[in-house]
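Just below is one structure, and these are the notes that go with it.
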Amino acid sequence: MTFTGPRPKEPYQIPPGEEVEGPPVTARDPRAWAKENLFSSVLNTILTVVFGFVLAFLTYRFLRFVFVDAEWEIIQRNITNLMVFHFPREELWRVWAALFVLAASAGFGVGAAGTRRAVEIEEGRGVAPGRGMLLRRVAPLVLLVGVLLVAAGSLTATLLVLGVAATAIAFRLLGRRVPARYFRFVALGVLVGIVASYLVITAFGGVPRDDWGGLLLTAFLAVGGIVISFPIGVGLALGRRSSFPVIRLVCTLYIELIRGVPLITILFMSAFALGFFLPPGTERPSLVTRALVALVAFTAAYVAEVVRGGLQSVPRGQIEAAQALGLSPLKTTRLIVLPQALRAVIPALVGQFISLFKDTSLVFIVGLTELLAVAQSITKQPDFLAQGLFVETLLFVAFVYWAGSYWMSRESQRLEQRLGVGTR
Amino acid sequence: MTETALTSAATVAGGTGEAMIVLEDVSKWFADFQALKDVDLTVGKQEVVVVCGPSGSGKSTLIRCINRLEKHDKGRILVDGIELSDDIRNIGEIRREVGMVFQSFNLFPHLTVLENITLAPRQVRHKAKAEANTKAMEVLERVQIPEQATKYPGQLSGGQQQRVAIARALAMEPKIMLFDEPTSALDPEMIKEVLDVMEELAESGMTMIVVTHEMGFARHVADRMVFMADAEIVEAGTPDHFFQNPEEERTKQFLEQIL
């Protein structure tokens, strides 16, 4: 027997000939708006004029530098270096293949999520997406890819990017056809896609991650760091509230120790002092692995404290209600406490992940060539040496970080809206 | 205190006469504060007991001890023949048989009404989804809000939320229902809809302990009134006796203040 819930009735129709009084409509004439908000008093007018000039001047100088003065040749000639650095060029097809796999799984996931949401809206719950939501969601990434393609100036790369985009769209249509009840398998599929894209690069005679560099290494450290540190952080937060004193003590000690030490110190320790902590005779893990471990260890402690704040925000009555229904402590945590706690801390959690994304640039001090390190090193190439091109390279790197961070921030806002933070 | 039929709380006044809940010499402390002092109470099968008394008198603590939301420090508690001990299996078994309704509803805000109700039957009783959904719609019919099944608790009025909370407890098919001031957090116009549901439940033969200040409801529905003050049961008896001829001075004072 299948259950069908009650469906919402027909929307209410206003009977003909009857007018309903709504709130008064205020016309939004731009000139009226400006007068009301920018020139309403003498002081306001002065502020508007002064800051208008400052803003116009800075914008002018910035645009003039970017489009007239700057010499972008260094970026154009080194675009492959900035993306992957000393990654073997004959194996580059693997990176493209990984991008295709990623695009397919992401498109598939987005499509299936759309179907699930449509069902929720039909049932009278769930928030309808705004117009052009998908385009607005990917706007920072589209901008980033656009800039990278302009810098590359390569027809092959453009065609491949178009192929990746087409793959994403095709799989989105495919994902649309997945019934909402199978969504959890789709979520699992997306995770498998991420792992598969890693394997496409490394497995079957591929390139081990120690030979990665540039944006590829940055993305790997960021995604790997987020995916691994999140569950560890949640575990630490739960451990800190455990009823077993030993677990509580260990988790608290770990969190407080890590939080009391700068990330750079942890990176140095994992790069140079890890050998002392491993049993003698063990082979030392590679530098990339050690850097990833340091980033994960650091971020997990902060995630734990953020999540602990969320756990504390769940009212005691929720736990009592679950207990009174006979739910075991484990199920109470998994089904009642954690969903509410995590939802409450999405902004802080994403903030932590944005931090991690930018902090991956610190690994260059232990000798890894991620994006920032590549940007520094290319200014020392014979063709560009001593020409003061730091501004160009740093601006480029800043733009890449900004696009990624802004995209994450937007996704977090969308997630909040979708989960109805603050409304229920 | 004289031991008459009227003052002894350990006598079953209504229902079938079989004991469903037995409390013997139960005491409970919060740090140095004694919340329950040697409480004796026996509740019969299908009996409806209303507990009243001034705030801080231990009413809530009393019923929260029955499903182990609070641990009693002394004495014995038997629920349907099972003794509450530190044995987790016993606690689980008792919680499956005892439904509870809270003052502040405590619905799960991240789940729909239907998911709130089917959660425990599916997770604790391991029922199939379709079966749990059918049962959920049945109890929602009983509390008269089946049309709200797919909404979230935040979209409902207080009275509707409390009725969902009752439905959630009923979906576990409990033998006993505990109500901890179920109407205290409601706007006046919503109190009746909740009391109506509780009255229907009492008439259907559910064993109930109700902590409430709704004296009209108590007089009408209760088989027995229990008056508590300062962590003790001061007086117990049928509603007629309790409201018309209370014996203890403190009971008289309390009734004068609230009636």
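Please note that chains go A, B, ... in the order of the structure tokens, that every chain numbers its residues from 1, and that ligands are numbered from 1 in the order shown.
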Please list as a CSV table (one decimal) with all heavy atoms, in the first residue's frame every residue within 9 Å of stretch 270-287 of chain A, counting only C-alpha atoms and excluding residues in the same chain fewer than 3 positions away.
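The file below, out.csv, is the result:
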```
chain,number,residue,atom,x,y,z
A,210,ASP,N,51.6,13.8,-5.2
A,210,ASP,CA,52.8,14.5,-4.8
A,210,ASP,C,53.3,15.3,-6.0
A,210,ASP,O,54.1,16.3,-5.8
A,210,ASP,CB,53.8,13.6,-4.3
A,210,ASP,CG,53.3,12.8,-3.1
A,210,ASP,OD1,52.7,13.5,-2.3
A,210,ASP,OD2,53.5,11.6,-3.1
A,265,THR,N,52.6,26.6,12.5
A,265,THR,CA,53.3,25.7,13.4
A,265,THR,C,52.9,24.3,13.1
A,265,THR,O,53.8,23.4,13.1
A,265,THR,CB,53.0,26.1,14.9
A,265,THR,OG1,53.1,27.5,15.0
A,265,THR,CG2,54.0,25.4,15.8
A,266,ILE,N,51.6,24.0,13.0
A,266,ILE,CA,51.2,22.7,12.8
A,266,ILE,C,51.7,22.2,11.4
A,266,ILE,O,52.2,21.0,11.3
A,266,ILE,CB,49.6,22.6,12.8
A,266,ILE,CG1,49.2,23.0,14.2
A,266,ILE,CG2,49.1,21.2,12.5
A,266,ILE,CD1,47.7,23.1,14.3
A,267,LEU,N,51.7,23.0,10.4
A,267,LEU,CA,52.2,22.6,9.1
A,267,LEU,C,53.7,22.3,9.2
A,267,LEU,O,54.1,21.2,8.7
A,267,LEU,CB,52.1,23.8,8.1
A,267,LEU,CG,50.7,23.9,7.4
A,267,LEU,CD1,50.6,25.2,6.7
A,267,LEU,CD2,50.5,22.7,6.5
A,290,ARG,N,51.2,14.9,4.3
A,290,ARG,CA,51.4,15.5,5.6
A,290,ARG,C,50.8,16.9,5.7
A,290,ARG,O,50.2,17.3,6.7
A,290,ARG,CB,53.0,15.7,5.8
A,290,ARG,CG,53.5,14.4,6.4
A,290,ARG,CD,55.0,14.5,6.6
A,290,ARG,NE,55.7,14.2,5.3
A,290,ARG,CZ,57.0,14.6,5.1
A,290,ARG,NH1,57.6,15.3,6.0
A,290,ARG,NH2,57.5,14.3,3.9
A,291,ALA,N,50.8,17.7,4.6
A,291,ALA,CA,50.2,19.0,4.6
A,291,ALA,C,48.7,18.8,4.8
A,291,ALA,O,48.0,19.6,5.5
A,291,ALA,CB,50.5,19.8,3.3
A,292,LEU,N,48.1,17.9,4.1
A,292,LEU,CA,46.7,17.6,4.2
A,292,LEU,C,46.3,17.2,5.6
A,292,LEU,O,45.3,17.8,6.2
A,292,LEU,CB,46.2,16.5,3.2
A,292,LEU,CG,44.7,16.3,3.2
A,292,LEU,CD1,44.0,17.5,2.6
A,292,LEU,CD2,44.4,15.0,2.3
A,293,VAL,N,47.1,16.4,6.2
A,293,VAL,CA,46.8,16.0,7.6
A,293,VAL,C,46.8,17.2,8.5
A,293,VAL,O,45.9,17.4,9.4
A,293,VAL,CB,47.8,14.9,8.1
A,293,VAL,CG1,47.8,14.7,9.6
A,293,VAL,CG2,47.6,13.6,7.4
A,294,ALA,N,47.8,18.1,8.3
A,294,ALA,CA,47.9,19.3,9.2
A,294,ALA,C,46.6,20.2,9.0
A,294,ALA,O,46.0,20.6,10.0
A,294,ALA,CB,49.1,20.1,8.8
A,366,VAL,N,56.0,25.0,3.4
A,366,VAL,CA,56.7,23.7,3.6
A,366,VAL,C,57.2,23.1,2.2
A,366,VAL,O,57.5,22.0,2.2
A,366,VAL,CB,55.8,22.7,4.3
A,366,VAL,CG1,55.5,23.2,5.7
A,366,VAL,CG2,54.5,22.4,3.6
A,367,GLY,N,57.1,23.9,1.2
A,367,GLY,CA,57.7,23.5,-0.1
A,367,GLY,C,56.8,23.0,-1.1
A,367,GLY,O,57.2,22.4,-2.1
A,368,LEU,N,55.5,23.1,-0.9
A,368,LEU,CA,54.6,22.7,-1.9
A,368,LEU,C,54.2,23.9,-2.9
A,368,LEU,O,54.1,25.0,-2.4
A,368,LEU,CB,53.3,22.2,-1.3
A,368,LEU,CG,53.4,20.8,-0.5
A,368,LEU,CD1,52.2,20.5,0.2
A,368,LEU,CD2,53.8,19.7,-1.5
```
(request) Find the residues around A:Val147 up to 12 Å (only C-alpha atoms counted), leave out those fewer than 4 positions away in its own chain, and share them as a list in words. (result) Trp72, Ile75, Gln76, Ile79, Pro140, Leu141, Val142, Leu143, Ala151, Ala152, Gly153, Thr158, Phe396, Val397, Phe399, Val400 and Ala403 of chain A
Keeping only N, CA, C and O atoms, write the selected residues to a file as a short mmCIF file (atom, residue, chain, number, x, y, z; two decimals), in the first residue's frame.
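And here is the file that came out, part.cif:
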```cif
data_model
loop_
_atom_site.label_atom_id
_atom_site.label_comp_id
_atom_site.auth_asym_id
_atom_site.auth_seq_id
_atom_site.Cartn_x
_atom_site.Cartn_y
_atom_site.Cartn_z
N TRP A 72 49.72 41.41 -18.80
CA TRP A 72 49.17 40.09 -18.44
C TRP A 72 49.90 38.95 -19.13
O TRP A 72 49.50 37.80 -18.97
N ILE A 75 50.81 35.96 -17.05
CA ILE A 75 49.74 35.02 -16.73
C ILE A 75 49.41 34.16 -17.94
O ILE A 75 49.27 32.94 -17.87
N GLN A 76 49.33 34.83 -19.12
CA GLN A 76 48.95 34.10 -20.34
C GLN A 76 49.94 32.99 -20.65
O GLN A 76 49.55 31.87 -20.99
N ILE A 79 49.71 30.02 -17.89
CA ILE A 79 48.40 29.59 -17.40
C ILE A 79 48.41 28.10 -17.03
O ILE A 79 47.85 27.70 -16.00
N PRO A 140 29.76 33.13 -10.10
CA PRO A 140 31.18 33.34 -9.79
C PRO A 140 32.08 32.34 -10.50
O PRO A 140 33.18 32.70 -10.95
N LEU A 141 31.61 31.10 -10.63
CA LEU A 141 32.44 30.09 -11.30
C LEU A 141 32.53 30.36 -12.79
O LEU A 141 33.60 30.20 -13.39
N VAL A 142 31.41 30.77 -13.39
CA VAL A 142 31.42 31.10 -14.82
C VAL A 142 32.40 32.23 -15.08
O VAL A 142 33.20 32.19 -16.02
N LEU A 143 32.37 33.24 -14.19
CA LEU A 143 33.30 34.36 -14.31
C LEU A 143 34.74 33.87 -14.24
O LEU A 143 35.59 34.24 -15.07
N ALA A 151 42.68 34.10 -20.51
CA ALA A 151 44.12 34.06 -20.26
C ALA A 151 44.78 32.96 -21.08
O ALA A 151 45.87 33.14 -21.61
N ALA A 152 44.11 31.81 -21.19
CA ALA A 152 44.70 30.69 -21.92
C ALA A 152 44.71 30.97 -23.42
O ALA A 152 45.68 30.62 -24.11
N GLY A 153 43.64 31.60 -23.90
CA GLY A 153 43.56 31.94 -25.31
C GLY A 153 43.74 30.75 -26.22
O GLY A 153 44.33 30.84 -27.28
N THR A 158 39.03 25.98 -24.83
CA THR A 158 37.67 26.50 -24.89
C THR A 158 36.68 25.40 -25.25
O THR A 158 35.63 25.25 -24.63
N PHE A 396 45.87 38.20 -9.92
CA PHE A 396 45.26 37.02 -10.52
C PHE A 396 44.92 35.97 -9.45
O PHE A 396 43.80 35.44 -9.41
N VAL A 397 45.88 35.71 -8.57
CA VAL A 397 45.65 34.72 -7.51
C VAL A 397 44.50 35.18 -6.61
O VAL A 397 43.60 34.39 -6.26
N PHE A 399 42.03 37.02 -7.38
CA PHE A 399 40.76 36.84 -8.08
C PHE A 399 40.28 35.39 -8.02
O PHE A 399 39.11 35.12 -7.77
N VAL A 400 41.20 34.44 -8.20
CA VAL A 400 40.81 33.02 -8.16
C VAL A 400 40.27 32.68 -6.76
O VAL A 400 39.21 32.06 -6.63
N ALA A 403 36.81 34.31 -6.28
CA ALA A 403 35.72 33.64 -6.99
C ALA A 403 35.30 32.37 -6.25
O ALA A 403 34.11 32.11 -6.05
#
```
(request) Point out the residue among B:Leu195, B:Ile176, B:Ile63, B:Ala149 with the least atom-to-atom distance to B:Gly44, counting only C-alpha atoms. (result) B:Ile176
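Neighbours of B:Val50 closer than or equal to 8 Å, with only C-alpha atoms counted and sequence neighbours fewer than 2 positions away skipped, come out as Val48, Cys52, Ile209, Val210, Val211, Thr212, Ala218, Ala222, Asp223, Arg224, Met225 and Val226 of chain B.
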Within 6 Å of chain B, which residues of chain A come that close, and what is the closest atom pair and distance in Å for each? Count only C-alpha atoms and give it as CSV.
```
residue,atom,partner,partner_atom,distance
A:Gly317,CA,B:Asn106,CA,5.7
A:Gln318,CA,B:Asn106,CA,5.6
A:Ala324,CA,B:Arg95,CA,5.7
A:Gly326,CA,B:Arg95,CA,5.0
A:Arg424,CA,B:Gly154,CA,5.1
```
Pull N, CA and C atoms from the residues just selected and write them as an mmCIF file, in the first residue's frame.
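File written: out-v1.cif
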```
data_model
loop_
_atom_site.group_PDB
_atom_site.id
_atom_site.type_symbol
_atom_site.label_atom_id
_atom_site.label_comp_id
_atom_site.auth_asym_id
_atom_site.auth_seq_id
_atom_site.Cartn_x
_atom_site.Cartn_y
_atom_site.Cartn_z
ATOM 1 N N GLY A 317 14.326 20.078 25.661
ATOM 2 C CA GLY A 317 13.033 19.431 25.437
ATOM 3 C C GLY A 317 13.034 18.513 24.226
ATOM 4 N N GLN A 318 13.850 18.851 23.202
ATOM 5 C CA GLN A 318 13.930 18.001 22.017
ATOM 6 C C GLN A 318 14.467 16.620 22.376
ATOM 7 N N ALA A 324 11.472 10.165 25.513
ATOM 8 C CA ALA A 324 10.155 9.717 25.937
ATOM 9 C C ALA A 324 9.525 8.806 24.891
ATOM 10 N N GLY A 326 11.176 6.685 23.266
ATOM 11 C CA GLY A 326 11.915 5.424 23.290
ATOM 12 C C GLY A 326 13.101 5.368 22.354
ATOM 13 N N ARG A 424 11.661 28.486 10.569
ATOM 14 C CA ARG A 424 10.910 27.476 11.321
ATOM 15 C C ARG A 424 11.832 26.731 12.249
#
```
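Contact shell of A:Leu238 at 10 Å (only C-alpha atoms; same-chain neighbours under 5 positions omitted): Ile232, Gly233, Ser243, Ile247, Arg248, Cys251, Ala304, Val307, Arg308, Leu311, Thr333 and Leu338 of chain A.
Proximity of A:Trp93, A:Phe100, A:Phe108, A:Trp212 to A:Val186, computed with only C-alpha atoms, is greatest for A:Phe108.
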(message) I'd like the neighbourhood of A:Gly163 as number ranges by chain, where a residue qualifies if any of its atoms comes within 12 Å (using only C-alpha atoms), though same-chain residues fewer than 5 positions away should be ignored.
(response) A: 96-97, 99-101, 103-104, 156-158, 168-170
How about saving the chosen residues, C-alpha atoms kept, as a PDB file, in the first residue's frame?
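Final file, again-v3.pdb:
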```pdb
ATOM      1  CA  TRP A  96      40.317  17.093 -18.271  1.00  0.00           C
ATOM      2  CA  ALA A  97      38.779  13.649 -17.835  1.00  0.00           C
ATOM      3  CA  LEU A  99      36.666  17.600 -14.908  1.00  0.00           C
ATOM      4  CA  PHE A 100      34.224  15.717 -17.142  1.00  0.00           C
ATOM      5  CA  VAL A 101      33.518  13.208 -14.339  1.00  0.00           C
ATOM      6  CA  ALA A 103      30.720  17.930 -14.166  1.00  0.00           C
ATOM      7  CA  ALA A 104      28.664  14.799 -14.784  1.00  0.00           C
ATOM      8  CA  THR A 156      41.271  23.397 -27.551  1.00  0.00           C
ATOM      9  CA  ALA A 157      40.776  24.519 -23.959  1.00  0.00           C
ATOM     10  CA  THR A 158      37.666  26.501 -24.889  1.00  0.00           C
ATOM     11  CA  ALA A 168      26.975  18.998 -16.816  1.00  0.00           C
ATOM     12  CA  ILE A 169      23.777  20.130 -18.560  1.00  0.00           C
ATOM     13  CA  ALA A 170      23.151  16.698 -20.094  1.00  0.00           C
TER      14      ALA A 170
END
```
(request) Going by DSSP on the backbone, which bits of stretch 76-250 of chain B are helix (DSSP H, G or I)? Write them as a ChimeraX atom specification, please. (result) /B:88-97,113-123,129-142,146-148,153-155,158-170,188-203,215-221,239-244,249-250
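Interatomic distance, atom CA of A:Leu174 to atom CA of A:Arg414: 22.8 Å.
For the residues A:Arg410, A:Gly388, A:Gln417, A:Leu159, ranking by smallest atom-to-atom distance to A:Leu135 using only C-alpha atoms places A:Arg410 first.
Between atom CA of A:Arg31 and atom CA of A:Val50 there is a distance of 19.5 Å.
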